[in-house]
file structure_10.tsv (TSV, C-alpha atoms and all ligand atoms)
chain	number	residue	atom	x	y	z
A	1114	MET	CA	-77.73	4.77	-253.23
A	1115	LYS	CA	-78.39	2.01	-255.77
A	1116	THR	CA	-82.10	1.72	-256.59
A	1117	VAL	CA	-84.29	-0.33	-258.93
A	1118	THR	CA	-87.86	0.22	-260.07
A	1119	LEU	CA	-90.18	-2.76	-260.49
A	1120	LEU	CA	-93.63	-1.92	-261.86
A	1121	ASP	CA	-94.98	0.88	-259.58
A	1122	LYS	CA	-92.46	0.50	-256.75
A	1123	LYS	CA	-88.96	1.81	-256.14
A	1124	PHE	CA	-86.55	-0.36	-254.14
A	1125	LYS	CA	-83.20	0.57	-252.55
A	1126	LEU	CA	-80.16	-1.65	-252.01
A	1127	CYS	CA	-80.10	-3.24	-248.57
A	1128	ILE	CA	-77.75	-6.26	-248.74
A	1129	ASN	CA	-75.16	-6.62	-251.48
A	1130	GLY	CA	-74.57	-9.89	-253.30
A	1131	VAL	CA	-71.13	-10.43	-251.75
A	1132	GLN	CA	-72.64	-10.33	-248.24
A	1133	VAL	CA	-75.35	-12.77	-249.35
A	1134	LYS	CA	-72.76	-15.22	-250.73
A	1135	THR	CA	-70.67	-14.97	-247.55
A	1136	ALA	CA	-73.76	-15.72	-245.43
A	1137	ILE	CA	-74.53	-18.78	-247.59
A	1138	ASP	CA	-70.91	-19.98	-247.21
A	1139	HIS	CA	-71.25	-19.81	-243.40
A	1140	LEU	CA	-74.58	-21.61	-243.51
A	1141	ALA	CA	-73.08	-24.36	-245.73
A	1142	ASP	CA	-70.13	-24.74	-243.33
A	1143	ARG	CA	-72.58	-25.46	-240.50
A	1144	ILE	CA	-74.48	-28.00	-242.61
A	1145	ASN	CA	-71.20	-29.64	-243.66
A	1146	SER	CA	-70.22	-30.09	-240.05
A	1147	ASP	CA	-73.68	-31.16	-238.74
A	1148	TYR	CA	-74.29	-33.71	-241.54
A	1149	ARG	CA	-70.70	-34.90	-241.98
A	1150	ASP	CA	-71.54	-38.62	-242.14
A	1151	LYS	CA	-75.11	-38.35	-243.38
A	1152	GLU	CA	-76.79	-38.20	-246.76
A	1153	ILE	CA	-79.00	-35.12	-247.19
A	1154	LEU	CA	-82.17	-34.74	-249.20
A	1155	PHE	CA	-82.76	-31.05	-249.94
A	1156	ILE	CA	-86.38	-30.10	-250.70
A	1157	ALA	CA	-86.30	-26.65	-252.27
A	1158	VAL	CA	-89.52	-24.66	-252.31
A	1159	LEU	CA	-90.14	-22.90	-255.63
A	1160	ASN	CA	-90.21	-20.29	-256.93
A	1161	GLY	CA	-88.33	-18.12	-254.47
A	1162	SER	CA	-85.61	-20.54	-253.36
A	1163	PHE	CA	-84.07	-21.35	-256.74
A	1164	MET	CA	-81.06	-19.00	-256.48
A	1165	PHE	CA	-80.33	-19.76	-252.84
A	1166	ALA	CA	-80.71	-23.52	-253.43
A	1167	ALA	CA	-78.26	-23.42	-256.36
A	1168	GLU	CA	-75.66	-21.47	-254.38
A	1169	LEU	CA	-76.11	-23.59	-251.25
A	1170	VAL	CA	-75.86	-27.07	-252.79
A	1171	ARG	CA	-72.68	-26.05	-254.61
A	1172	LYS	CA	-71.05	-25.51	-251.22
A	1173	VAL	CA	-72.37	-28.65	-249.53
A	1174	LYS	CA	-69.89	-31.51	-249.10
A	1175	PRO	CA	-71.86	-34.56	-247.79
A	1176	LEU	CA	-73.61	-36.82	-250.29
A	1177	CYS	CA	-76.87	-35.11	-251.21
A	1178	ARG	CA	-79.83	-35.00	-253.56
A	1179	ILE	CA	-82.14	-32.11	-254.34
A	1180	SER	CA	-85.80	-32.09	-255.28
A	1181	PHE	CA	-88.12	-29.15	-255.97
A	1182	VAL	CA	-91.67	-28.59	-254.72
A	1183	LYS	CA	-94.27	-25.85	-254.85
A	1184	ILE	CA	-96.76	-24.61	-252.32
A	1185	ALA	CA	-100.40	-24.31	-253.34
A	1186	SER	CA	-102.17	-21.74	-251.12
A	1187	TYR	CA	-105.91	-21.45	-250.82
A	1188	GLN	CA	-108.54	-20.17	-248.36
A	1189	GLY	CA	-109.27	-22.70	-245.66
A	1190	ASP	CA	-109.82	-23.40	-242.03
A	1191	THR	CA	-106.43	-22.67	-240.46
A	1192	SER	CA	-105.31	-20.17	-237.82
A	1193	ASP	CA	-104.37	-17.59	-240.45
A	1194	GLY	CA	-107.14	-18.65	-242.87
A	1195	VAL	CA	-104.79	-20.04	-245.53
A	1196	VAL	CA	-104.16	-23.70	-246.32
A	1197	ARG	CA	-100.72	-24.39	-247.75
A	1198	GLU	CA	-100.27	-27.68	-249.52
A	1199	LEU	CA	-96.93	-29.10	-250.64
A	1200	ILE	CA	-97.24	-30.21	-254.25
A	1201	GLY	CA	-94.88	-32.08	-256.55
A	1202	LEU	CA	-93.14	-34.10	-253.86
A	1203	LYS	CA	-92.17	-37.36	-255.55
A	1204	GLU	CA	-89.47	-38.49	-253.14
A	1205	ASP	CA	-89.91	-41.01	-250.36
A	1206	LEU	CA	-88.78	-39.15	-247.25
A	1207	ASN	CA	-88.92	-42.13	-244.90
A	1208	GLY	CA	-85.66	-42.54	-243.05
A	1209	ARG	CA	-84.04	-39.60	-244.87
A	1210	HIS	CA	-82.28	-36.55	-243.47
A	1211	VAL	CA	-84.38	-33.80	-245.04
A	1212	ILE	CA	-83.49	-30.10	-245.25
A	1213	LEU	CA	-86.23	-27.78	-246.53
A	1214	VAL	CA	-84.80	-24.89	-248.53
A	1215	GLU	CA	-86.78	-21.65	-248.37
A	1216	ASP	CA	-86.17	-18.11	-249.62
A	1217	ILE	CA	-87.59	-16.41	-246.54
A	1218	VAL	CA	-89.32	-17.20	-243.27
A	1219	ASP	CA	-91.62	-14.34	-242.31
A	1220	THR	CA	-94.52	-15.26	-239.95
A	1221	GLY	CA	-93.54	-18.94	-240.10
A	1222	PHE	CA	-97.01	-20.18	-241.12
A	1223	THR	CA	-95.70	-21.69	-244.39
A	1224	PHE	CA	-92.74	-23.35	-242.69
A	1225	GLU	CA	-94.95	-24.83	-239.94
A	1226	HIS	CA	-97.43	-26.23	-242.51
A	1227	MET	CA	-94.62	-27.88	-244.48
A	1228	MET	CA	-93.15	-29.43	-241.34
A	1229	THR	CA	-96.56	-30.75	-240.25
A	1230	GLN	CA	-97.27	-32.28	-243.68
A	1231	ILE	CA	-93.87	-33.96	-243.88
A	1232	LYS	CA	-94.07	-35.36	-240.36
A	1233	THR	CA	-97.63	-36.69	-240.78
A	1234	LYS	CA	-97.03	-38.30	-244.21
A	1235	TYR	CA	-93.52	-39.68	-243.64
A	1236	LYS	CA	-91.11	-40.78	-240.96
A	1237	PRO	CA	-87.95	-38.91	-241.94
A	1238	ALA	CA	-84.82	-39.53	-239.86
A	1239	SER	CA	-84.67	-35.75	-239.35
A	1240	VAL	CA	-86.12	-32.55	-240.85
A	1241	ALA	CA	-84.50	-29.13	-240.70
A	1242	ILE	CA	-84.97	-25.86	-242.56
A	1243	ALA	CA	-82.41	-23.68	-244.30
A	1244	THR	CA	-83.67	-20.23	-245.22
A	1245	LEU	CA	-81.80	-17.45	-246.94
A	1246	LEU	CA	-83.64	-14.73	-244.99
A	1247	PHE	CA	-85.48	-14.65	-241.67
A	1248	LYS	CA	-87.62	-11.86	-240.18
A	1249	PRO	CA	-87.43	-12.55	-236.42
A	1250	GLN	CA	-89.73	-9.62	-235.52
A	1251	SER	CA	-92.50	-11.03	-237.66
A	1252	TYR	CA	-92.06	-14.73	-236.67
A	1253	ARG	CA	-95.16	-16.11	-234.86
A	1254	LYS	CA	-94.15	-19.73	-234.34
A	1255	SER	CA	-92.06	-21.61	-231.80
A	1256	LEU	CA	-90.40	-24.14	-234.13
A	1257	PRO	CA	-86.67	-23.43	-234.33
A	1258	VAL	CA	-85.48	-22.03	-237.67
A	1259	ASP	CA	-82.36	-24.18	-237.98
A	1260	TYR	CA	-80.16	-22.58	-240.65
A	1261	VAL	CA	-80.55	-18.87	-241.35
A	1262	GLY	CA	-78.48	-16.97	-243.92
A	1263	LEU	CA	-79.34	-13.43	-242.81
A	1264	GLU	CA	-81.78	-11.93	-240.33
A	1265	ILE	CA	-83.57	-8.87	-241.69
A	1266	PRO	CA	-86.05	-6.28	-240.33
A	1267	ASN	CA	-89.75	-6.62	-241.01
A	1268	ASP	CA	-89.68	-4.93	-244.45
A	1269	PHE	CA	-90.60	-6.28	-247.89
A	1270	VAL	CA	-87.54	-7.33	-249.89
A	1271	VAL	CA	-86.78	-8.47	-253.45
A	1272	GLY	CA	-83.80	-10.02	-255.24
A	1273	TRP	CA	-81.92	-13.31	-254.96
A	1274	GLY	CA	-85.03	-15.23	-256.03
A	1275	LEU	CA	-87.56	-13.09	-254.14
A	1276	ASP	CA	-90.07	-11.21	-256.28
A	1277	TYR	CA	-92.48	-8.33	-256.43
A	1278	SER	CA	-95.39	-9.46	-258.65
A	1279	GLY	CA	-93.05	-11.88	-260.41
A	1280	TYR	CA	-90.29	-9.30	-261.03
A	1281	GLY	CA	-86.92	-8.83	-259.35
A	1282	ARG	CA	-86.02	-12.49	-258.80
A	1283	ASN	CA	-82.93	-12.05	-261.00
A	1284	LEU	CA	-81.39	-9.22	-258.94
A	1285	GLU	CA	-77.93	-10.10	-257.60
A	1286	ASP	CA	-78.37	-7.97	-254.47
A	1287	ILE	CA	-81.26	-7.70	-252.03
A	1288	TYR	CA	-83.41	-4.57	-252.16
A	1289	THR	CA	-86.05	-3.15	-249.86
A	1290	ILE	CA	-88.94	-0.71	-250.52
A	1291	ALA	CA	-87.53	2.82	-250.85
B	1301	LIG	P1	-94.64	-16.85	-244.01
B	1301	LIG	O1	-95.62	-17.98	-244.15
B	1301	LIG	O2	-93.38	-17.22	-243.27
B	1301	LIG	O3	-95.30	-15.61	-243.42
B	1301	LIG	O4	-94.28	-16.35	-245.45
B	1301	LIG	C1	-93.48	-17.03	-246.29
B	1301	LIG	C2	-93.66	-16.57	-247.72
B	1301	LIG	O5	-94.11	-15.20	-247.82
B	1301	LIG	C3	-92.34	-16.61	-248.43
B	1301	LIG	O6	-92.05	-17.89	-248.93
B	1301	LIG	C4	-92.50	-15.54	-249.48
B	1301	LIG	O7	-93.12	-16.10	-250.60
B	1301	LIG	C5	-93.45	-14.52	-248.86
B	1301	LIG	N1	-92.70	-13.36	-248.29
B	1301	LIG	C6	-92.60	-13.04	-246.98
B	1301	LIG	N2	-91.86	-11.92	-246.81
B	1301	LIG	C7	-91.47	-11.54	-248.06
B	1301	LIG	C8	-90.66	-10.45	-248.55
B	1301	LIG	O8	-90.13	-9.59	-247.83
B	1301	LIG	N3	-90.47	-10.41	-249.90
B	1301	LIG	C9	-91.02	-11.31	-250.75
B	1301	LIG	N4	-90.75	-11.16	-252.06
B	1301	LIG	N5	-91.78	-12.35	-250.32
B	1301	LIG	C10	-92.00	-12.47	-248.99

call {"tool": "encode", "arguments": {"input": "structure_10.tsv", "output": "structure tokens"}}
result
Amino acid sequence: MKTVTLLDKKFKLCINGVQVKTAIDHLADRINSDYRDKEILFIAVLNGSFMFAAELVRKVKPLCRISFVKIASYQGDTSDGVVRELIGLKEDLNGRHVILVEDIVDTGFTFEHMMTQIKTKYKPASVAIATLLFKPQSYRKSLPVDYVGLEIPNDFVVGWGLDYSGYGRNLEDIYTIA
């Protein structure tokens, strides 16, 4: 079994890079068909989505643009106690077909916050999410997660842009705690 050690933790291979690329191809096929005659604005959420975003946009056929944002998280008065603010968004989303690009949707709090901010600040023609990974057992929200690369169990993973304390983002496969 292939393993990697990052700082104090050992991780074991759980999804190989070929499977990840195949899942992204299928996801891109769906986007290509759903947005055939539309222009897409991808909003990729850094840092985790950089690898997925790069692989995805390469496979997308409709006219598209991509922009990158970050999430600033701080203690505040929300249901889970954390305020998540979208920062660095310079684009005008009014009337655009927006697809948020995320590395992973876990509880869904981050995704829901982003959707709320976009819908209150702008009037996009549509907003959807594309996420490389989704943990259905941990998801607490009712918003549909539109485009999912791979569903995974409720375990911590690294690789393909996802990190452990900043390390492991460069791994070509996805690993889980050993
Ligand atoms: P949510 O708000 O959906 O609970 O969490 C989303 C964020 O939590 C992700 O964007 C990611 O930064 C982090 N996260 C959730 N699960 C994992 C995981 O298994 N591995 C890593 N590296 N980050 C995770």

call {"tool": "closest_residue", "arguments": {"input": "structure_10.tsv", "among": "A:Ser1162, A:Thr1220, A:Asn1283, A:Asn1145", "to": "ligand LIG 1301 (chain B)", "atoms": "all atoms listed in the file"}}
result
A:Thr1220

call {"tool": "closest_residue", "arguments": {"input": "structure_10.tsv", "among": "A:Leu1213, A:Val1117, A:Leu1245, A:Ala1167", "to": "A:His1139", "atoms": "all atoms listed in the file"}}
result
A:Leu1245

call {"tool": "residues_near_ligand", "arguments": {"input": "structure_10.tsv", "ligand": "ligand LIG 1301 (chain B)", "cutoff": "10 Å", "atoms": "all atoms listed in the file", "output": "PDB file with C-alpha atoms, in the frame of the given file"}}
result
ATOM      1  CA  VAL A1158     -89.520 -24.660-252.310  1.00  0.00           C
ATOM      2  CA  LEU A1159     -90.140 -22.900-255.630  1.00  0.00           C
ATOM      3  CA  ASN A1160     -90.210 -20.290-256.930  1.00  0.00           C
ATOM      4  CA  GLY A1161     -88.330 -18.120-254.470  1.00  0.00           C
ATOM      5  CA  SER A1162     -85.610 -20.540-253.360  1.00  0.00           C
ATOM      6  CA  ILE A1184     -96.760 -24.610-252.320  1.00  0.00           C
ATOM      7  CA  ASP A1193    -104.370 -17.590-240.450  1.00  0.00           C
ATOM      8  CA  VAL A1195    -104.790 -20.040-245.530  1.00  0.00           C
ATOM      9  CA  ARG A1197    -100.720 -24.390-247.750  1.00  0.00           C
ATOM     10  CA  GLU A1215     -86.780 -21.650-248.370  1.00  0.00           C
ATOM     11  CA  ASP A1216     -86.170 -18.110-249.620  1.00  0.00           C
ATOM     12  CA  ILE A1217     -87.590 -16.410-246.540  1.00  0.00           C
ATOM     13  CA  VAL A1218     -89.320 -17.200-243.270  1.00  0.00           C
ATOM     14  CA  ASP A1219     -91.620 -14.340-242.310  1.00  0.00           C
ATOM     15  CA  THR A1220     -94.520 -15.260-239.950  1.00  0.00           C
ATOM     16  CA  GLY A1221     -93.540 -18.940-240.100  1.00  0.00           C
ATOM     17  CA  PHE A1222     -97.010 -20.180-241.120  1.00  0.00           C
ATOM     18  CA  THR A1223     -95.700 -21.690-244.390  1.00  0.00           C
ATOM     19  CA  PHE A1224     -92.740 -23.350-242.690  1.00  0.00           C
ATOM     20  CA  GLU A1225     -94.950 -24.830-239.940  1.00  0.00           C
ATOM     21  CA  HIS A1226     -97.430 -26.230-242.510  1.00  0.00           C
ATOM     22  CA  MET A1227     -94.620 -27.880-244.480  1.00  0.00           C
ATOM     23  CA  THR A1244     -83.670 -20.230-245.220  1.00  0.00           C
ATOM     24  CA  LEU A1246     -83.640 -14.730-244.990  1.00  0.00           C
ATOM     25  CA  PHE A1247     -85.480 -14.650-241.670  1.00  0.00           C
ATOM     26  CA  LYS A1248     -87.620 -11.860-240.180  1.00  0.00           C
ATOM     27  CA  SER A1251     -92.500 -11.030-237.660  1.00  0.00           C
ATOM     28  CA  TYR A1252     -92.060 -14.730-236.670  1.00  0.00           C
ATOM     29  CA  ARG A1253     -95.160 -16.110-234.860  1.00  0.00           C
ATOM     30  CA  LYS A1254     -94.150 -19.730-234.340  1.00  0.00           C
ATOM     31  CA  ILE A1265     -83.570  -8.870-241.690  1.00  0.00           C
ATOM     32  CA  PRO A1266     -86.050  -6.280-240.330  1.00  0.00           C
ATOM     33  CA  ASN A1267     -89.750  -6.620-241.010  1.00  0.00           C
ATOM     34  CA  ASP A1268     -89.680  -4.930-244.450  1.00  0.00           C
ATOM     35  CA  PHE A1269     -90.600  -6.280-247.890  1.00  0.00           C
ATOM     36  CA  VAL A1270     -87.540  -7.330-249.890  1.00  0.00           C
ATOM     37  CA  VAL A1271     -86.780  -8.470-253.450  1.00  0.00           C
ATOM     38  CA  GLY A1272     -83.800 -10.020-255.240  1.00  0.00           C
ATOM     39  CA  TRP A1273     -81.920 -13.310-254.960  1.00  0.00           C
ATOM     40  CA  GLY A1274     -85.030 -15.230-256.030  1.00  0.00           C
ATOM     41  CA  LEU A1275     -87.560 -13.090-254.140  1.00  0.00           C
ATOM     42  CA  ASP A1276     -90.070 -11.210-256.280  1.00  0.00           C
ATOM     43  CA  TYR A1277     -92.480  -8.330-256.430  1.00  0.00           C
ATOM     44  CA  SER A1278     -95.390  -9.460-258.650  1.00  0.00           C
ATOM     45  CA  GLY A1279     -93.050 -11.880-260.410  1.00  0.00           C
ATOM     46  CA  TYR A1280     -90.290  -9.300-261.030  1.00  0.00           C
ATOM     47  CA  GLY A1281     -86.920  -8.830-259.350  1.00  0.00           C
ATOM     48  CA  ARG A1282     -86.020 -12.490-258.800  1.00  0.00           C
ATOM     49  CA  ILE A1287     -81.260  -7.700-252.030  1.00  0.00           C
ATOM     50  CA  TYR A1288     -83.410  -4.570-252.160  1.00  0.00           C
ATOM     51  CA  THR A1289     -86.050  -3.150-249.860  1.00  0.00           C
ATOM     52  CA  ILE A1290     -88.940  -0.710-250.520  1.00  0.00           C
TER      53      ILE A1290
END

call {"tool": "residues_near_point", "arguments": {"input": "structure_10.tsv", "point": "(-87.4, -40.7, -242.6)", "cutoff": "9 Å", "atoms": "all atoms listed in the file", "output": "PyMOL selection string"}}
result
chain A and resi 1205-1211+1232+1235-1240

call {"tool": "write_last_selection", "arguments": {"input": "structure_10.tsv", "atoms": "C-alpha atoms", "output": "mmCIF file, keeping the file's coordinate frame"}}
result
data_model
loop_
_atom_site.group_PDB
_atom_site.id
_atom_site.type_symbol
_atom_site.label_atom_id
_atom_site.label_comp_id
_atom_site.auth_asym_id
_atom_site.auth_seq_id
_atom_site.Cartn_x
_atom_site.Cartn_y
_atom_site.Cartn_z
ATOM 1 C CA ASP A 1205 -89.910 -41.010 -250.360
ATOM 2 C CA LEU A 1206 -88.780 -39.150 -247.250
ATOM 3 C CA ASN A 1207 -88.920 -42.130 -244.900
ATOM 4 C CA GLY A 1208 -85.660 -42.540 -243.050
ATOM 5 C CA ARG A 1209 -84.040 -39.600 -244.870
ATOM 6 C CA HIS A 1210 -82.280 -36.550 -243.470
ATOM 7 C CA VAL A 1211 -84.380 -33.800 -245.040
ATOM 8 C CA LYS A 1232 -94.070 -35.360 -240.360
ATOM 9 C CA TYR A 1235 -93.520 -39.680 -243.640
ATOM 10 C CA LYS A 1236 -91.110 -40.780 -240.960
ATOM 11 C CA PRO A 1237 -87.950 -38.910 -241.940
ATOM 12 C CA ALA A 1238 -84.820 -39.530 -239.860
ATOM 13 C CA SER A 1239 -84.670 -35.750 -239.350
ATOM 14 C CA VAL A 1240 -86.120 -32.550 -240.850
#

call {"tool": "closest_atom_pairs", "arguments": {"input": "structure_10.tsv", "of": "stretch 1230-1285 of chain A", "to": "stretch 1125-1133 of chain A", "cutoff": "8 Å", "atoms": "all atoms listed in the file", "output": "CSV"}}
result
residue,atom,partner,partner_atom,distance
A:Gly1262,CA,A:Val1133,CA,7.5
A:Leu1263,CA,A:Val1133,CA,7.7
A:Glu1285,CA,A:Gly1130,CA,5.5

call {"tool": "closest_residue", "arguments": {"input": "structure_10.tsv", "among": "A:Asp1259, A:Thr1118, A:Thr1191, A:Glu1198", "to": "A:Ile1144", "atoms": "all atoms listed in the file"}}
result
A:Asp1259

call {"tool": "atom_distance", "arguments": {"input": "structure_10.tsv", "atom1": "atom CA of A:Ala1141", "atom2": "atom CA of A:Asp1286"}}
result
19.3 Å

call {"tool": "atom_distance", "arguments": {"input": "structure_10.tsv", "atom1": "atom CA of A:Arg1143", "atom2": "atom CA of A:Val1173"}}
result
9.6 Å

call {"tool": "atom_distance", "arguments": {"input": "structure_10.tsv", "atom1": "atom CA of A:Lys1183", "atom2": "atom CA of A:Thr1135"}}
result
27.0 Å

call {"tool": "closest_residue", "arguments": {"input": "structure_10.tsv", "among": "A:Thr1233, A:Ala1241, A:Leu1119, A:Glu1204", "to": "A:Tyr1148", "atoms": "only C-alpha atoms"}}
result
A:Ala1241

call {"tool": "closest_residue", "arguments": {"input": "structure_10.tsv", "among": "A:Arg1149, A:Lys1115, A:Lys1172, A:Lys1123", "to": "A:Ala1136", "atoms": "all atoms listed in the file"}}
result
A:Lys1172

call {"tool": "closest_residue", "arguments": {"input": "structure_10.tsv", "among": "A:Phe1155, A:Phe1163, A:Tyr1260, A:Tyr1187", "to": "A:Pro1175", "atoms": "all atoms listed in the file"}}
result
A:Phe1155

call {"tool": "decode", "arguments": {"input": "structure_10.tsv", "residues": "stretch 1234-1247 of chain A", "atoms": "N, CA and C atoms", "output": "PDB file, in the first residue's frame"}}
result
ATOM      1  N   LYS A1234     -25.422  39.939  -3.206  1.00  0.00           N
ATOM      2  CA  LYS A1234     -24.673  41.058  -3.814  1.00  0.00           C
ATOM      3  C   LYS A1234     -24.973  41.236  -5.297  1.00  0.00           C
ATOM      4  N   TYR A1235     -25.284  40.143  -5.983  1.00  0.00           N
ATOM      5  CA  TYR A1235     -25.430  40.188  -7.447  1.00  0.00           C
ATOM      6  C   TYR A1235     -26.736  39.526  -7.871  1.00  0.00           C
ATOM      7  N   LYS A1236     -27.009  39.687  -9.156  1.00  0.00           N
ATOM      8  CA  LYS A1236     -28.143  38.953  -9.744  1.00  0.00           C
ATOM      9  C   LYS A1236     -27.601  38.103 -10.894  1.00  0.00           C
ATOM     10  N   PRO A1237     -26.888  37.024 -10.565  1.00  0.00           N
ATOM     11  CA  PRO A1237     -26.361  36.179 -11.643  1.00  0.00           C
ATOM     12  C   PRO A1237     -27.500  35.467 -12.380  1.00  0.00           C
ATOM     13  N   ALA A1238     -27.285  35.141 -13.645  1.00  0.00           N
ATOM     14  CA  ALA A1238     -28.301  34.400 -14.401  1.00  0.00           C
ATOM     15  C   ALA A1238     -28.492  33.024 -13.760  1.00  0.00           C
ATOM     16  N   SER A1239     -27.394  32.430 -13.294  1.00  0.00           N
ATOM     17  CA  SER A1239     -27.461  31.145 -12.578  1.00  0.00           C
ATOM     18  C   SER A1239     -26.183  30.982 -11.765  1.00  0.00           C
ATOM     19  N   VAL A1240     -26.257  30.194 -10.697  1.00  0.00           N
ATOM     20  CA  VAL A1240     -25.051  29.833  -9.921  1.00  0.00           C
ATOM     21  C   VAL A1240     -25.100  28.346  -9.632  1.00  0.00           C
ATOM     22  N   ALA A1241     -24.008  27.672  -9.900  1.00  0.00           N
ATOM     23  CA  ALA A1241     -23.900  26.245  -9.584  1.00  0.00           C
ATOM     24  C   ALA A1241     -22.552  26.022  -8.905  1.00  0.00           C
ATOM     25  N   ILE A1242     -22.365  24.832  -8.374  1.00  0.00           N
ATOM     26  CA  ILE A1242     -21.068  24.498  -7.778  1.00  0.00           C
ATOM     27  C   ILE A1242     -20.518  23.243  -8.439  1.00  0.00           C
ATOM     28  N   ALA A1243     -19.205  23.254  -8.658  1.00  0.00           N
ATOM     29  CA  ALA A1243     -18.500  22.048  -9.092  1.00  0.00           C
ATOM     30  C   ALA A1243     -17.452  21.768  -8.024  1.00  0.00           C
ATOM     31  N   THR A1244     -17.516  20.594  -7.432  1.00  0.00           N
ATOM     32  CA  THR A1244     -16.539  20.246  -6.404  1.00  0.00           C
ATOM     33  C   THR A1244     -15.861  18.930  -6.762  1.00  0.00           C
ATOM     34  N   LEU A1245     -14.564  18.887  -6.526  1.00  0.00           N
ATOM     35  CA  LEU A1245     -13.837  17.649  -6.828  1.00  0.00           C
ATOM     36  C   LEU A1245     -14.335  16.525  -5.930  1.00  0.00           C
ATOM     37  N   LEU A1246     -14.466  16.817  -4.624  1.00  0.00           N
ATOM     38  CA  LEU A1246     -14.861  15.779  -3.661  1.00  0.00           C
ATOM     39  C   LEU A1246     -16.080  16.229  -2.866  1.00  0.00           C
ATOM     40  N   PHE A1247     -16.869  15.257  -2.449  1.00  0.00           N
ATOM     41  CA  PHE A1247     -18.071  15.539  -1.649  1.00  0.00           C
ATOM     42  C   PHE A1247     -18.199  14.444  -0.602  1.00  0.00           C
TER      43      PHE A1247
END
